[in-house]
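As provided, final10.txt (compact mmCIF, C-alpha atoms and all ligand atoms) reads as follows.
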```
# COMPACT_ATOMS: atom_id res chain seq x y z
CA MET A 30 -27.73 -116.67 -111.06
CA ASP A 31 -28.85 -113.16 -111.88
CA PHE A 32 -31.81 -112.51 -114.13
CA GLU A 33 -31.39 -108.73 -114.32
CA TYR A 34 -29.72 -106.68 -117.04
CA THR A 35 -26.91 -104.49 -115.80
CA ALA A 36 -27.31 -100.72 -116.07
CA GLU A 37 -24.93 -100.78 -119.06
CA GLN A 38 -26.95 -103.48 -120.81
CA LYS A 39 -30.16 -101.48 -120.30
CA GLN A 40 -28.47 -98.43 -121.70
CA LEU A 41 -27.20 -100.41 -124.69
CA ARG A 42 -30.69 -101.78 -125.39
CA GLY A 43 -32.12 -98.27 -125.23
CA ALA A 44 -29.46 -96.86 -127.55
CA VAL A 45 -29.85 -99.59 -130.20
CA ARG A 46 -33.65 -99.35 -129.99
CA GLU A 47 -33.52 -95.60 -130.48
CA PHE A 48 -31.24 -96.00 -133.49
CA ALA A 49 -33.37 -98.75 -135.04
CA GLU A 50 -36.59 -96.79 -134.58
CA ALA A 51 -35.15 -93.58 -136.04
CA GLU A 52 -32.83 -94.84 -138.77
CA ILE A 53 -34.21 -98.24 -139.82
CA ARG A 54 -37.98 -98.26 -139.18
CA PRO A 55 -38.83 -95.59 -141.82
CA HIS A 56 -37.13 -97.62 -144.59
CA VAL A 57 -38.08 -101.20 -143.75
CA MET A 58 -40.70 -101.81 -146.43
CA GLU A 59 -38.86 -99.86 -149.14
CA TRP A 60 -35.72 -101.95 -148.55
CA ASP A 61 -37.76 -105.16 -148.40
CA GLU A 62 -39.72 -104.58 -151.58
CA GLY A 63 -36.75 -103.25 -153.54
CA GLN A 64 -34.34 -105.81 -152.05
CA ILE A 65 -32.14 -102.84 -151.19
CA PHE A 66 -29.06 -103.63 -149.10
CA PRO A 67 -28.80 -100.87 -146.45
CA LEU A 68 -25.13 -100.13 -147.01
CA GLU A 69 -25.13 -96.65 -145.48
CA THR A 70 -26.90 -97.90 -142.35
CA VAL A 71 -24.38 -100.72 -142.02
CA ARG A 72 -21.53 -98.19 -142.16
CA THR A 73 -23.23 -96.13 -139.44
CA LEU A 74 -23.67 -99.26 -137.32
CA GLY A 75 -19.92 -99.73 -137.69
CA SER A 76 -19.19 -96.21 -136.50
CA LEU A 77 -21.39 -96.85 -133.45
CA GLY A 78 -19.40 -99.97 -132.53
CA TYR A 79 -22.15 -102.47 -133.41
CA MET A 80 -20.23 -104.27 -136.19
CA GLY A 81 -17.48 -105.49 -133.89
CA SER A 82 -19.14 -105.60 -130.50
CA ILE A 83 -17.53 -108.85 -129.30
CA PHE A 84 -13.91 -108.06 -130.15
CA PRO A 85 -11.33 -106.40 -127.90
CA GLU A 86 -10.90 -102.67 -128.08
CA GLU A 87 -7.27 -102.97 -129.19
CA LEU A 88 -8.57 -104.65 -132.37
CA GLY A 89 -11.16 -101.94 -132.93
CA GLY A 90 -14.01 -103.78 -131.23
CA ALA A 91 -16.31 -102.66 -128.44
CA GLY A 92 -15.01 -105.22 -125.94
CA LEU A 93 -18.50 -106.53 -125.11
CA GLY A 94 -19.74 -110.08 -124.56
CA TYR A 95 -22.32 -112.30 -126.22
CA VAL A 96 -25.17 -111.10 -123.97
CA GLU A 97 -24.60 -107.55 -125.22
CA TYR A 98 -24.14 -108.84 -128.78
CA SER A 99 -27.50 -110.64 -128.46
CA ILE A 100 -29.12 -107.43 -127.23
CA ILE A 101 -27.80 -105.60 -130.31
CA ILE A 102 -29.05 -108.29 -132.73
CA GLU A 103 -32.41 -108.49 -130.92
CA GLU A 104 -33.03 -104.75 -131.09
CA LEU A 105 -32.04 -104.42 -134.75
CA SER A 106 -34.18 -107.46 -135.66
CA ARG A 107 -37.14 -106.18 -133.63
CA VAL A 108 -37.35 -103.55 -136.36
CA ASP A 109 -35.75 -105.32 -139.35
CA GLY A 110 -34.41 -108.87 -139.37
CA SER A 111 -32.48 -108.13 -142.56
CA VAL A 112 -30.23 -105.73 -140.68
CA GLY A 113 -29.93 -108.31 -137.88
CA ILE A 114 -28.70 -111.06 -140.18
CA ILE A 115 -26.28 -108.74 -142.00
CA VAL A 116 -24.62 -107.84 -138.68
CA ALA A 117 -24.76 -111.44 -137.43
CA ALA A 118 -23.05 -113.02 -140.47
CA HIS A 119 -20.45 -110.26 -140.50
CA THR A 120 -19.68 -110.44 -136.77
CA SER A 121 -20.05 -113.93 -135.33
CA LEU A 122 -19.22 -115.85 -138.50
CA CYS A 123 -16.69 -113.98 -140.65
CA SER A 124 -14.98 -111.66 -138.16
CA ASN A 125 -15.12 -114.13 -135.30
CA HIS A 126 -13.53 -116.89 -137.39
CA ILE A 127 -10.61 -114.53 -138.03
CA PHE A 128 -10.52 -113.49 -134.37
CA LYS A 129 -10.62 -117.02 -132.98
CA MET A 130 -8.45 -118.88 -135.48
CA GLY A 131 -6.40 -116.15 -137.15
CA SER A 132 -2.74 -115.31 -136.61
CA ASP A 133 -1.85 -112.04 -134.88
CA GLU A 134 -1.02 -110.60 -138.25
CA GLN A 135 -4.39 -111.62 -139.73
CA ARG A 136 -6.25 -110.22 -136.72
CA ARG A 137 -4.42 -106.92 -136.99
CA ARG A 138 -4.93 -106.69 -140.74
CA TYR A 139 -8.63 -107.49 -140.83
CA LEU A 140 -10.41 -106.95 -137.52
CA PRO A 141 -10.10 -103.18 -137.11
CA LYS A 142 -11.57 -102.61 -140.60
CA LEU A 143 -14.31 -105.19 -140.07
CA ALA A 144 -15.18 -103.88 -136.60
CA SER A 145 -15.46 -100.30 -137.85
CA GLY A 146 -17.77 -101.36 -140.69
CA GLU A 147 -15.30 -100.02 -143.26
CA TRP A 148 -15.13 -103.58 -144.57
CA ILE A 149 -18.05 -106.01 -144.67
CA GLY A 150 -17.47 -109.70 -144.13
CA CYS A 151 -19.13 -112.87 -145.32
CA TRP A 152 -18.64 -116.51 -144.38
CA SER A 153 -19.02 -119.29 -146.95
CA LEU A 154 -19.47 -122.87 -145.90
CA THR A 155 -22.65 -124.03 -147.67
CA GLU A 156 -22.54 -125.40 -151.22
CA THR A 157 -25.33 -126.69 -153.45
CA GLU A 158 -24.39 -130.30 -152.62
CA ALA A 159 -23.18 -129.56 -149.09
CA GLY A 160 -25.87 -127.96 -146.93
CA SER A 161 -26.69 -129.81 -143.72
CA ASP A 162 -23.86 -132.15 -144.69
CA ALA A 163 -21.38 -129.29 -144.77
CA ALA A 164 -18.42 -131.66 -144.63
CA GLY A 165 -19.41 -132.68 -148.17
CA THR A 166 -17.66 -129.51 -149.42
CA ARG A 167 -16.54 -129.81 -153.04
CA THR A 168 -14.63 -126.56 -153.44
CA THR A 169 -10.93 -127.37 -153.58
CA ALA A 170 -7.75 -125.54 -152.64
CA THR A 171 -4.51 -126.85 -154.10
CA LEU A 172 -0.97 -125.70 -153.43
CA GLU A 173 0.83 -124.40 -156.53
CA ASP A 174 4.23 -122.68 -156.11
CA ASP A 175 3.53 -121.64 -152.55
CA HIS A 176 0.11 -120.29 -153.48
CA TRP A 177 -3.34 -121.72 -152.80
CA VAL A 178 -5.58 -121.99 -155.84
CA LEU A 179 -9.29 -122.24 -155.05
CA ASN A 180 -11.87 -123.66 -157.43
CA GLY A 181 -15.56 -124.17 -156.79
CA ALA A 182 -18.66 -122.30 -155.70
CA LYS A 183 -20.53 -121.58 -152.50
CA THR A 184 -24.22 -120.90 -152.21
CA PHE A 185 -26.51 -118.96 -149.84
CA THR A 186 -23.72 -116.73 -148.51
CA THR A 187 -25.11 -113.79 -146.52
CA ASN A 188 -23.50 -110.46 -147.56
CA ALA A 189 -21.82 -112.14 -150.57
CA HIS A 190 -22.36 -109.21 -152.91
CA TYR A 191 -21.21 -106.54 -150.47
CA ALA A 192 -18.37 -108.35 -148.77
CA ASP A 193 -14.83 -106.97 -148.83
CA ILE A 194 -13.61 -110.09 -147.03
CA CYS A 195 -14.79 -113.65 -147.38
CA VAL A 196 -13.90 -116.52 -145.09
CA GLY A 197 -14.38 -119.62 -147.23
CA MET A 198 -13.93 -123.33 -146.66
CA ALA A 199 -12.26 -125.61 -149.23
CA VAL A 200 -10.97 -129.18 -149.39
CA THR A 201 -7.19 -129.39 -149.08
CA ASP A 202 -6.98 -133.17 -148.55
CA ARG A 203 -9.91 -135.24 -149.75
CA SER A 204 -8.66 -138.43 -148.06
CA ALA A 205 -8.71 -136.79 -144.61
CA ALA A 206 -12.52 -136.21 -144.76
CA GLN A 207 -13.58 -133.73 -142.02
CA HIS A 208 -9.93 -133.04 -141.23
CA GLY A 209 -9.16 -132.25 -144.85
CA ILE A 210 -11.10 -129.00 -145.13
CA SER A 211 -9.30 -125.70 -144.56
CA ALA A 212 -10.45 -122.11 -144.11
CA PHE A 213 -9.14 -119.21 -146.18
CA ILE A 214 -9.43 -115.44 -146.07
CA ILE A 215 -10.20 -114.06 -149.51
CA GLU A 216 -10.09 -110.34 -150.24
CA LYS A 217 -12.63 -108.94 -152.68
CA GLU A 218 -10.11 -107.84 -155.26
CA THR A 219 -8.44 -111.27 -155.54
CA PRO A 220 -8.58 -112.35 -159.21
CA GLY A 221 -10.90 -115.33 -159.66
CA PHE A 222 -13.13 -114.34 -156.74
CA SER A 223 -16.63 -113.08 -157.47
CA ALA A 224 -20.19 -113.06 -156.23
CA GLY A 225 -22.63 -114.90 -158.48
CA LYS A 226 -26.41 -115.19 -158.46
CA LYS A 227 -28.19 -113.10 -155.84
CA GLU A 228 -31.20 -115.03 -154.52
CA ASN A 229 -34.73 -113.62 -154.67
CA LYS A 230 -35.97 -114.57 -151.23
CA LEU A 231 -39.20 -115.10 -149.28
CA GLY A 232 -37.95 -112.91 -146.47
CA LEU A 233 -34.98 -110.96 -145.13
CA ARG A 234 -34.99 -109.44 -148.58
CA ALA A 235 -32.82 -106.43 -147.77
CA SER A 236 -30.00 -108.79 -146.87
CA ALA A 237 -28.08 -110.08 -149.89
CA THR A 238 -27.77 -113.85 -150.08
CA GLY A 239 -26.00 -115.54 -152.93
CA GLU A 240 -23.27 -117.43 -154.64
CA VAL A 241 -19.57 -116.98 -154.11
CA ILE A 242 -17.41 -118.22 -156.97
CA PHE A 243 -13.76 -119.27 -156.93
CA ASP A 244 -12.36 -119.61 -160.43
CA HIS A 245 -8.65 -120.33 -160.19
CA CYS A 246 -8.66 -117.90 -157.30
CA ARG A 247 -4.99 -117.58 -156.32
CA LEU A 248 -4.14 -116.76 -152.72
CA GLY A 249 -0.87 -116.21 -150.92
CA ALA A 250 0.08 -118.85 -148.36
CA SER A 251 -0.68 -116.30 -145.63
CA GLN A 252 -4.39 -116.44 -146.49
CA LEU A 253 -4.82 -119.85 -144.88
CA LEU A 254 -6.91 -119.28 -141.72
CA GLY A 255 -6.19 -121.56 -138.78
CA LYS A 256 -4.48 -124.89 -139.15
CA ARG A 257 -4.44 -126.65 -142.49
CA GLY A 258 -7.19 -129.30 -142.53
CA GLU A 259 -9.00 -127.92 -139.47
CA GLY A 260 -11.29 -125.41 -141.22
CA PHE A 261 -14.38 -127.57 -140.91
CA VAL A 262 -13.82 -128.44 -137.26
CA ASP A 263 -13.12 -124.76 -136.54
CA SER A 264 -16.35 -123.88 -138.39
CA LEU A 265 -18.35 -126.01 -135.96
CA ARG A 266 -16.91 -123.99 -133.08
CA ILE A 267 -17.71 -120.75 -134.86
CA LEU A 268 -21.27 -121.97 -135.37
CA ASP A 269 -21.60 -122.52 -131.60
CA GLY A 270 -21.41 -118.74 -131.21
CA GLY A 271 -23.21 -118.03 -134.47
CA ARG A 272 -26.28 -119.92 -133.30
CA ILE A 273 -26.60 -117.50 -130.38
CA SER A 274 -26.94 -114.73 -132.96
CA ILE A 275 -29.62 -116.65 -134.89
CA ALA A 276 -31.53 -117.19 -131.63
CA ALA A 277 -31.23 -113.43 -130.99
CA LEU A 278 -32.42 -112.73 -134.54
CA ALA A 279 -35.47 -114.95 -133.91
CA ILE A 280 -36.15 -113.38 -130.50
CA GLY A 281 -35.88 -109.86 -131.91
CA MET A 282 -38.33 -110.55 -134.73
CA ALA A 283 -40.72 -112.36 -132.36
CA GLN A 284 -40.55 -109.38 -130.00
CA GLY A 285 -41.38 -107.01 -132.85
CA ALA A 286 -44.34 -109.18 -133.88
CA TYR A 287 -45.55 -109.55 -130.28
CA ASP A 288 -45.31 -105.80 -129.60
CA ALA A 289 -47.34 -105.09 -132.75
CA ALA A 290 -49.96 -107.73 -131.89
CA LEU A 291 -50.35 -106.53 -128.30
CA ARG A 292 -50.78 -102.94 -129.47
CA TYR A 293 -53.25 -103.92 -132.19
CA SER A 294 -55.34 -106.10 -129.85
CA LYS A 295 -55.99 -103.08 -127.63
CA VAL A 296 -57.21 -100.80 -130.42
CA ARG A 297 -59.04 -103.19 -132.73
CA LYS A 298 -62.69 -103.41 -131.72
CA GLN A 299 -65.13 -106.16 -132.70
CA PHE A 300 -68.47 -106.96 -131.08
CA GLY A 301 -68.23 -103.56 -129.41
CA ARG A 302 -65.01 -104.11 -127.46
CA PRO A 303 -61.25 -104.37 -127.98
CA ILE A 304 -60.29 -107.87 -129.14
CA SER A 305 -57.78 -107.99 -126.23
CA GLU A 306 -60.80 -108.54 -123.97
CA PHE A 307 -61.54 -111.89 -125.61
CA GLN A 308 -59.95 -114.76 -123.74
CA ALA A 309 -58.96 -116.50 -126.99
CA ILE A 310 -56.80 -113.48 -127.88
CA GLN A 311 -55.43 -113.20 -124.32
CA ASN A 312 -54.39 -116.87 -124.45
CA LYS A 313 -52.42 -116.22 -127.62
CA LEU A 314 -50.68 -113.19 -126.08
CA VAL A 315 -49.88 -115.21 -122.94
CA ASP A 316 -48.32 -118.07 -124.91
CA MET A 317 -46.36 -115.63 -127.09
CA ALA A 318 -44.98 -113.71 -124.10
CA THR A 319 -44.10 -116.89 -122.22
CA GLU A 320 -42.29 -118.49 -125.15
CA LEU A 321 -40.46 -115.24 -125.81
CA ASP A 322 -39.20 -115.12 -122.23
CA ALA A 323 -38.17 -118.77 -122.29
CA ALA A 324 -36.28 -118.30 -125.56
CA ARG A 325 -34.47 -115.25 -124.22
CA LEU A 326 -33.44 -117.01 -121.01
CA LEU A 327 -32.12 -120.03 -122.90
CA ASN A 328 -30.14 -117.76 -125.18
CA TYR A 329 -28.68 -115.64 -122.37
CA ARG A 330 -27.60 -118.85 -120.62
CA ALA A 331 -25.69 -119.92 -123.74
CA ALA A 332 -24.27 -116.40 -124.17
CA THR A 333 -23.19 -116.14 -120.52
CA ARG A 334 -21.42 -119.50 -120.64
CA LEU A 335 -19.69 -118.61 -123.88
CA ASP A 336 -18.48 -115.37 -122.30
CA ARG A 337 -17.05 -117.45 -119.46
CA GLY A 338 -15.03 -119.37 -122.03
CA GLU A 339 -17.07 -122.57 -121.79
CA ARG A 340 -17.95 -124.81 -124.73
CA VAL A 341 -21.64 -124.21 -125.56
CA THR A 342 -22.38 -126.65 -128.38
CA LYS A 343 -25.47 -128.04 -126.60
CA GLU A 344 -26.64 -124.77 -125.03
CA SER A 345 -26.43 -122.70 -128.22
CA ALA A 346 -28.11 -125.42 -130.30
CA MET A 347 -30.93 -125.62 -127.70
CA ALA A 348 -31.30 -121.84 -127.70
CA LYS A 349 -31.32 -121.67 -131.50
CA LEU A 350 -33.74 -124.58 -131.85
CA PHE A 351 -36.22 -123.33 -129.25
CA ALA A 352 -36.00 -119.64 -130.11
CA SER A 353 -36.42 -120.15 -133.86
CA GLU A 354 -39.35 -122.57 -133.55
CA ALA A 355 -41.02 -120.39 -130.91
CA ALA A 356 -40.49 -117.27 -133.04
CA VAL A 357 -42.19 -118.91 -136.02
CA ARG A 358 -45.20 -119.72 -133.78
CA ILE A 359 -45.21 -116.21 -132.28
CA CYS A 360 -45.11 -114.48 -135.68
CA ASN A 361 -47.87 -116.79 -136.92
CA GLU A 362 -50.10 -115.84 -133.97
CA ALA A 363 -49.26 -112.18 -134.43
CA VAL A 364 -50.69 -112.38 -137.95
CA GLN A 365 -53.75 -114.23 -136.60
CA ILE A 366 -54.39 -111.52 -134.02
CA HIS A 367 -54.35 -108.95 -136.82
CA GLY A 368 -56.95 -110.92 -138.80
CA GLY A 369 -57.03 -109.87 -142.45
CA TYR A 370 -54.86 -106.84 -141.72
CA GLY A 371 -52.07 -109.22 -140.75
CA PHE A 372 -52.00 -110.34 -144.36
CA ILE A 373 -51.50 -106.82 -145.62
CA LYS A 374 -48.13 -105.14 -146.05
CA ASP A 375 -49.26 -101.98 -144.22
CA TYR A 376 -48.80 -103.87 -140.95
CA PRO A 377 -45.36 -105.04 -139.77
CA VAL A 378 -46.42 -108.59 -138.84
CA GLU A 379 -46.72 -109.61 -142.49
CA LYS A 380 -42.98 -109.14 -142.91
CA PHE A 381 -42.02 -110.75 -139.59
CA TYR A 382 -44.04 -113.81 -140.64
CA ARG A 383 -41.98 -114.11 -143.85
CA ASP A 384 -38.60 -113.18 -142.37
CA VAL A 385 -38.66 -115.38 -139.29
CA LYS A 386 -38.75 -118.69 -141.16
CA LEU A 387 -35.06 -118.38 -142.00
CA CYS A 388 -34.23 -118.88 -138.32
CA THR A 389 -35.26 -122.55 -138.39
CA ILE A 390 -32.98 -123.08 -141.42
CA GLY A 391 -29.85 -120.90 -141.33
CA GLU A 392 -26.74 -122.00 -139.39
CA GLY A 393 -28.20 -125.51 -139.24
CA THR A 394 -31.83 -126.51 -139.59
CA SER A 395 -33.98 -127.51 -136.61
CA GLU A 396 -33.44 -131.14 -137.58
CA ILE A 397 -29.67 -130.64 -137.45
CA GLN A 398 -29.89 -128.81 -134.09
CA ARG A 399 -31.66 -131.89 -132.72
CA LEU A 400 -28.85 -134.10 -134.05
CA VAL A 401 -26.28 -131.82 -132.41
CA ILE A 402 -28.14 -131.80 -129.08
CA ALA A 403 -28.75 -135.57 -129.14
CA ARG A 404 -25.04 -136.18 -129.70
CA GLN A 405 -24.22 -134.04 -126.65
CA LEU A 406 -26.89 -135.67 -124.47
CA LEU A 407 -25.76 -139.18 -125.33
CA LYS A 408 -22.12 -138.23 -124.83
CA ASP A 409 -22.88 -136.95 -121.32
C1 LIG A 501 -31.16 -116.59 -146.14
C2 LIG A 501 -30.06 -117.59 -145.94
C3 LIG A 501 -28.83 -117.17 -145.48
C4 LIG A 501 -27.76 -118.09 -145.33
N1 LIG A 501 -26.52 -117.63 -144.98
C5 LIG A 501 -25.46 -118.49 -145.01
C6 LIG A 501 -24.12 -118.00 -144.85
O1 LIG A 501 -23.88 -116.81 -144.62
N2 LIG A 501 -23.10 -118.89 -144.97
C7 LIG A 501 -23.31 -120.22 -145.21
O2 LIG A 501 -22.34 -120.97 -145.30
N3 LIG A 501 -24.57 -120.71 -145.36
C8 LIG A 501 -25.65 -119.88 -145.28
N4 LIG A 501 -26.94 -120.35 -145.47
C9 LIG A 501 -27.13 -121.78 -145.73
C10 LIG A 501 -27.84 -122.54 -144.62
O3 LIG A 501 -27.00 -122.70 -143.51
C11 LIG A 501 -28.33 -123.87 -145.22
O4 LIG A 501 -29.40 -123.54 -146.08
C12 LIG A 501 -28.76 -124.86 -144.18
O5 LIG A 501 -27.65 -125.31 -143.45
C13 LIG A 501 -29.49 -126.08 -144.80
O6 LIG A 501 -28.82 -126.60 -145.90
P1 LIG A 501 -29.66 -126.87 -147.26
O7 LIG A 501 -30.37 -125.60 -147.58
O8 LIG A 501 -28.75 -127.43 -148.27
O9 LIG A 501 -30.75 -127.94 -146.86
P2 LIG A 501 -30.57 -129.54 -146.85
O10 LIG A 501 -29.37 -129.91 -146.10
O11 LIG A 501 -30.74 -130.03 -148.25
O12 LIG A 501 -31.83 -129.98 -146.00
C14 LIG A 501 -33.14 -130.23 -146.56
C15 LIG A 501 -33.99 -130.82 -145.45
O13 LIG A 501 -33.47 -132.10 -145.04
C16 LIG A 501 -33.22 -132.10 -143.66
N5 LIG A 501 -32.04 -132.92 -143.35
C17 LIG A 501 -30.83 -132.90 -143.97
N6 LIG A 501 -30.01 -133.79 -143.40
C18 LIG A 501 -30.70 -134.39 -142.40
C19 LIG A 501 -30.40 -135.38 -141.42
N7 LIG A 501 -29.20 -135.94 -141.36
N8 LIG A 501 -31.37 -135.74 -140.56
C20 LIG A 501 -32.60 -135.16 -140.59
N9 LIG A 501 -32.93 -134.20 -141.48
C21 LIG A 501 -32.01 -133.82 -142.37
C22 LIG A 501 -32.99 -130.63 -143.28
O14 LIG A 501 -33.21 -130.40 -141.92
C23 LIG A 501 -34.02 -129.96 -144.17
O15 LIG A 501 -35.28 -130.02 -143.58
C24 LIG A 501 -28.00 -119.46 -145.58
C25 LIG A 501 -29.27 -119.89 -146.00
C26 LIG A 501 -30.28 -118.98 -146.20
C27 LIG A 501 -31.62 -119.48 -146.70
```
Is it possible to express this structure as structure tokens?
Ligand SMILES: Cc1cc2nc3c(=O)[nH]c(=O)nc-3n(C[C@H](O)[C@H](O)[C@H](O)COP(=O)(O)OP(=O)(O)OC[C@H]3O[C@@H](n4cnc5c(N)ncnc54)[C@H](O)[C@@H]3O)c2cc1C
Amino acid sequence: MDFEYTAEQKQLRGAVREFAEAEIRPHVMEWDEGQIFPLETVRTLGSLGYMGSIFPEELGGAGLGYVEYSIIIEELSRVDGSVGIIVAAHTSLCSNHIFKMGSDEQRRRYLPKLASGEWIGCWSLTETEAGSDAAGTRTTATLEDDHWVLNGAKTFTTNAHYADICVGMAVTDRSAAQHGISAFIIEKETPGFSAGKKENKLGLRASATGEVIFDHCRLGASQLLGKRGEGFVDSLRILDGGRISIAALAIGMAQGAYDAALRYSKVRKQFGRPISEFQAIQNKLVDMATELDAARLLNYRAATRLDRGERVTKESAMAKLFASEAAVRICNEAVQIHGGYGFIKDYPVEKFYRDVKLCTIGEGTSEIQRLVIARQLLKD
């Protein structure tokens, strides 16, 4: 057991922090208020190796592990959670599904472009009638003359409107239930594929979330991803890793809110002294820092085990559950420490407070994480 970052991990954290402070921080509120997707920044992140960190170098990736990937997501989200979720959905959902379940040919065709940020990826599982109950997918894929024809619609897909590649799940055999859903790779130009309504969101507003529509979308047989009928089961495995990225997203935003609150508490004076001298404020800072540490340790445990090739269904769900709930509490207290100024958009905590809520919902709500963990506990 080693609780220290390696020299390389420290260097990586410093490099991502420097980038986020210089290239993202100045634009955060403009992007948020205008719901502007930071396309140019995403391309730069690709050129720096941050859009394909967990993939091997021969496929254009950076050859790093999930601890390093978490560090990247944390540091981006410490400044802007929107950038964090864009990278997370692209990397550990879309690209990783292709990496883990794809054929050699699919990996070679898609991963180098995704890892370099030349192409952006999205991953579509959720539908209006199939959220927590994702196996209730209604989108269908039927075989017609050696081609798959997809019909249906997905909702809440991160990056939908900017994606060059979509990994989407569709029913190929209704009678086989969970083993009758398959995954497909859909390229943007495929006729019948389009992005629909873009949601106007509470937070993470610079990330684009919306509908993906399949209207007689005709795909070659080679676009099936993984085994026929195993797309849903494969998705659960992909979510094991994805949840580490949502925990990192939560931790990053909580860190940003904590840093701002700590700083503010030292300069804001009431009753003739800095508010940091009041024990009530100190207690808040103590609880925030302690929960932040606990969340990070849980997440690095899940990440380390995943890097060792272990199954981390329980560990990543625990990390995601704890980190997201703790981050909501931390961002709430960060606003409280700022008093009325925490309610004003001139201070960064207002945005963290809005953005962080997604973490208890996306990639499985807290209630679903508890179901996942309970199943693992009872199985053991
Ligand atoms: C900003 C954003 C980005 C997203 N990005 C993506 C993406 O890229 N790709 C993608 O596929 N999806 C994405 N999602 C969808 C997300 O994963 C779902 O919203 C989430 O899984 C919950 O589904 P739902 O919204 O339909 O809620 P519902 O499933 O309708 O849940 C409503 C409430 O009921 C509770 N509930 C449901 N079932 C149970 C149960 N069995 N026991 C106890 N409580 C239960 C839930 O916990 C929740 O509190 C995104 C969502 C958002 C908001």
Could you list, with a cut-off of 8 Å and counting only C-alpha atoms and all ligand atoms, the residues of chain A near ligand LIG 501 (chain A), each shown with its nearest atom pair and the distance in Å rounded to one decimal, rows sorted by chain and ascending number, as a Markdown table?
```
| residue | atom | partner | partner_atom | distance |
| --- | --- | --- | --- | --- |
| A:Ala118 | CA | A:LIG501 | O1 | 5.7 |
| A:Leu122 | CA | A:LIG501 | O1 | 7.8 |
| A:Cys151 | CA | A:LIG501 | O1 | 6.2 |
| A:Trp152 | CA | A:LIG501 | N2 | 5.1 |
| A:Ser153 | CA | A:LIG501 | O2 | 4.1 |
| A:Leu154 | CA | A:LIG501 | O2 | 3.5 |
| A:Thr155 | CA | A:LIG501 | O2 | 3.9 |
| A:Glu156 | CA | A:LIG501 | O8 | 7.2 |
| A:Thr157 | CA | A:LIG501 | O8 | 6.3 |
| A:Glu158 | CA | A:LIG501 | O8 | 6.8 |
| A:Ala159 | CA | A:LIG501 | O8 | 6.0 |
| A:Gly160 | CA | A:LIG501 | O8 | 3.2 |
| A:Ser161 | CA | A:LIG501 | O10 | 3.6 |
| A:Asp162 | CA | A:LIG501 | O10 | 6.1 |
| A:Ala163 | CA | A:LIG501 | O5 | 7.5 |
| A:Lys183 | CA | A:LIG501 | O2 | 7.4 |
| A:Thr184 | CA | A:LIG501 | N3 | 6.9 |
| A:Phe185 | CA | A:LIG501 | C24 | 4.5 |
| A:Thr186 | CA | A:LIG501 | O1 | 3.9 |
| A:Thr187 | CA | A:LIG501 | O1 | 3.8 |
| A:Asn188 | CA | A:LIG501 | O1 | 7.0 |
| A:Ala189 | CA | A:LIG501 | O1 | 7.8 |
| A:Lys230 | CA | A:LIG501 | C1 | 7.3 |
| A:Gly232 | CA | A:LIG501 | C1 | 7.7 |
| A:Leu233 | CA | A:LIG501 | C1 | 6.9 |
| A:Ser236 | CA | A:LIG501 | C1 | 7.9 |
| A:Thr238 | CA | A:LIG501 | C3 | 5.8 |
| A:Leu387 | CA | A:LIG501 | C27 | 5.9 |
| A:Ile390 | CA | A:LIG501 | C12 | 5.3 |
| A:Gly391 | CA | A:LIG501 | O3 | 4.0 |
| A:Glu392 | CA | A:LIG501 | O3 | 4.2 |
| A:Gly393 | CA | A:LIG501 | O5 | 4.3 |
| A:Thr394 | CA | A:LIG501 | O14 | 4.7 |
| A:Ser395 | CA | A:LIG501 | O14 | 6.1 |
| A:Glu396 | CA | A:LIG501 | O14 | 4.4 |
| A:Ile397 | CA | A:LIG501 | O14 | 5.7 |
| A:Leu400 | CA | A:LIG501 | N8 | 7.2 |
```
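Distance-wise, atom CA of A:Ala324 and atom CA of A:Ala348 end up 6.5 Å apart.
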With a cut-off of 8 Å, could you pull out the residues of stretch 43-150 of chain A touching stretch 193-200 of chain A and give me the nearest pair of atoms for each, distance in Å to one decimal, using all atoms listed in the file, ordered by chain and ascending number, as a tab-separated table?
```
residue	atom	partner	partner_atom	distance
A:Cys123	CA	A:Val196	CA	5.8
A:His126	CA	A:Val196	CA	7.7
A:Trp148	CA	A:Asp193	CA	5.5
A:Ile149	CA	A:Asp193	CA	5.3
A:Gly150	CA	A:Ile194	CA	4.8
```
* Residue with smallest distance to A:Arg136 - pool A:Gln252, A:Gln308, A:Gln64, A:Gln365, counting all atoms listed in the file -> A:Gln252
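Considering the residues A:Val45, A:Ile242, A:Leu407, A:Ile275 and counting only C-alpha atoms, A:Thr120 has its shortest atom-to-atom contact with A:Ile275.
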Contacts of A:Glu62 at 9 Å or less, counting all atoms listed in the file, minus same-chain residues fewer than 3 places along, as a compact mmCIF listing (two decimals) with C-alpha atoms, keeping the file's coordinate frame?
```txt
# COMPACT_ATOMS: atom_id res chain seq x y z
CA VAL A 57 -38.08 -101.20 -143.75
CA MET A 58 -40.70 -101.81 -146.43
CA GLU A 59 -38.86 -99.86 -149.14
CA ILE A 65 -32.14 -102.84 -151.19
CA ARG A 234 -34.99 -109.44 -148.58
CA ALA A 235 -32.82 -106.43 -147.77
```
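A straight line drawn from atom CA of A:Ala250 to atom CA of A:Trp177 is 6.3 Å long.
Here atom CA of A:Gly258 stands at a distance of 4.8 Å from atom CA of A:His208.
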* To do: Might you pull out every residue within 9 Å of A:Thr171, with only C-alpha atoms counted and same-chain residues fewer than 5 positions away left off, and present them as a VMD selection string?
  => chain A and resid 176 to 180 200 to 202
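Using all atoms listed in the file, the shortest contact distance between A:Ala283 and any of A:Ala44, A:Ala331, A:Val116, A:Cys388 is found at A:Cys388.
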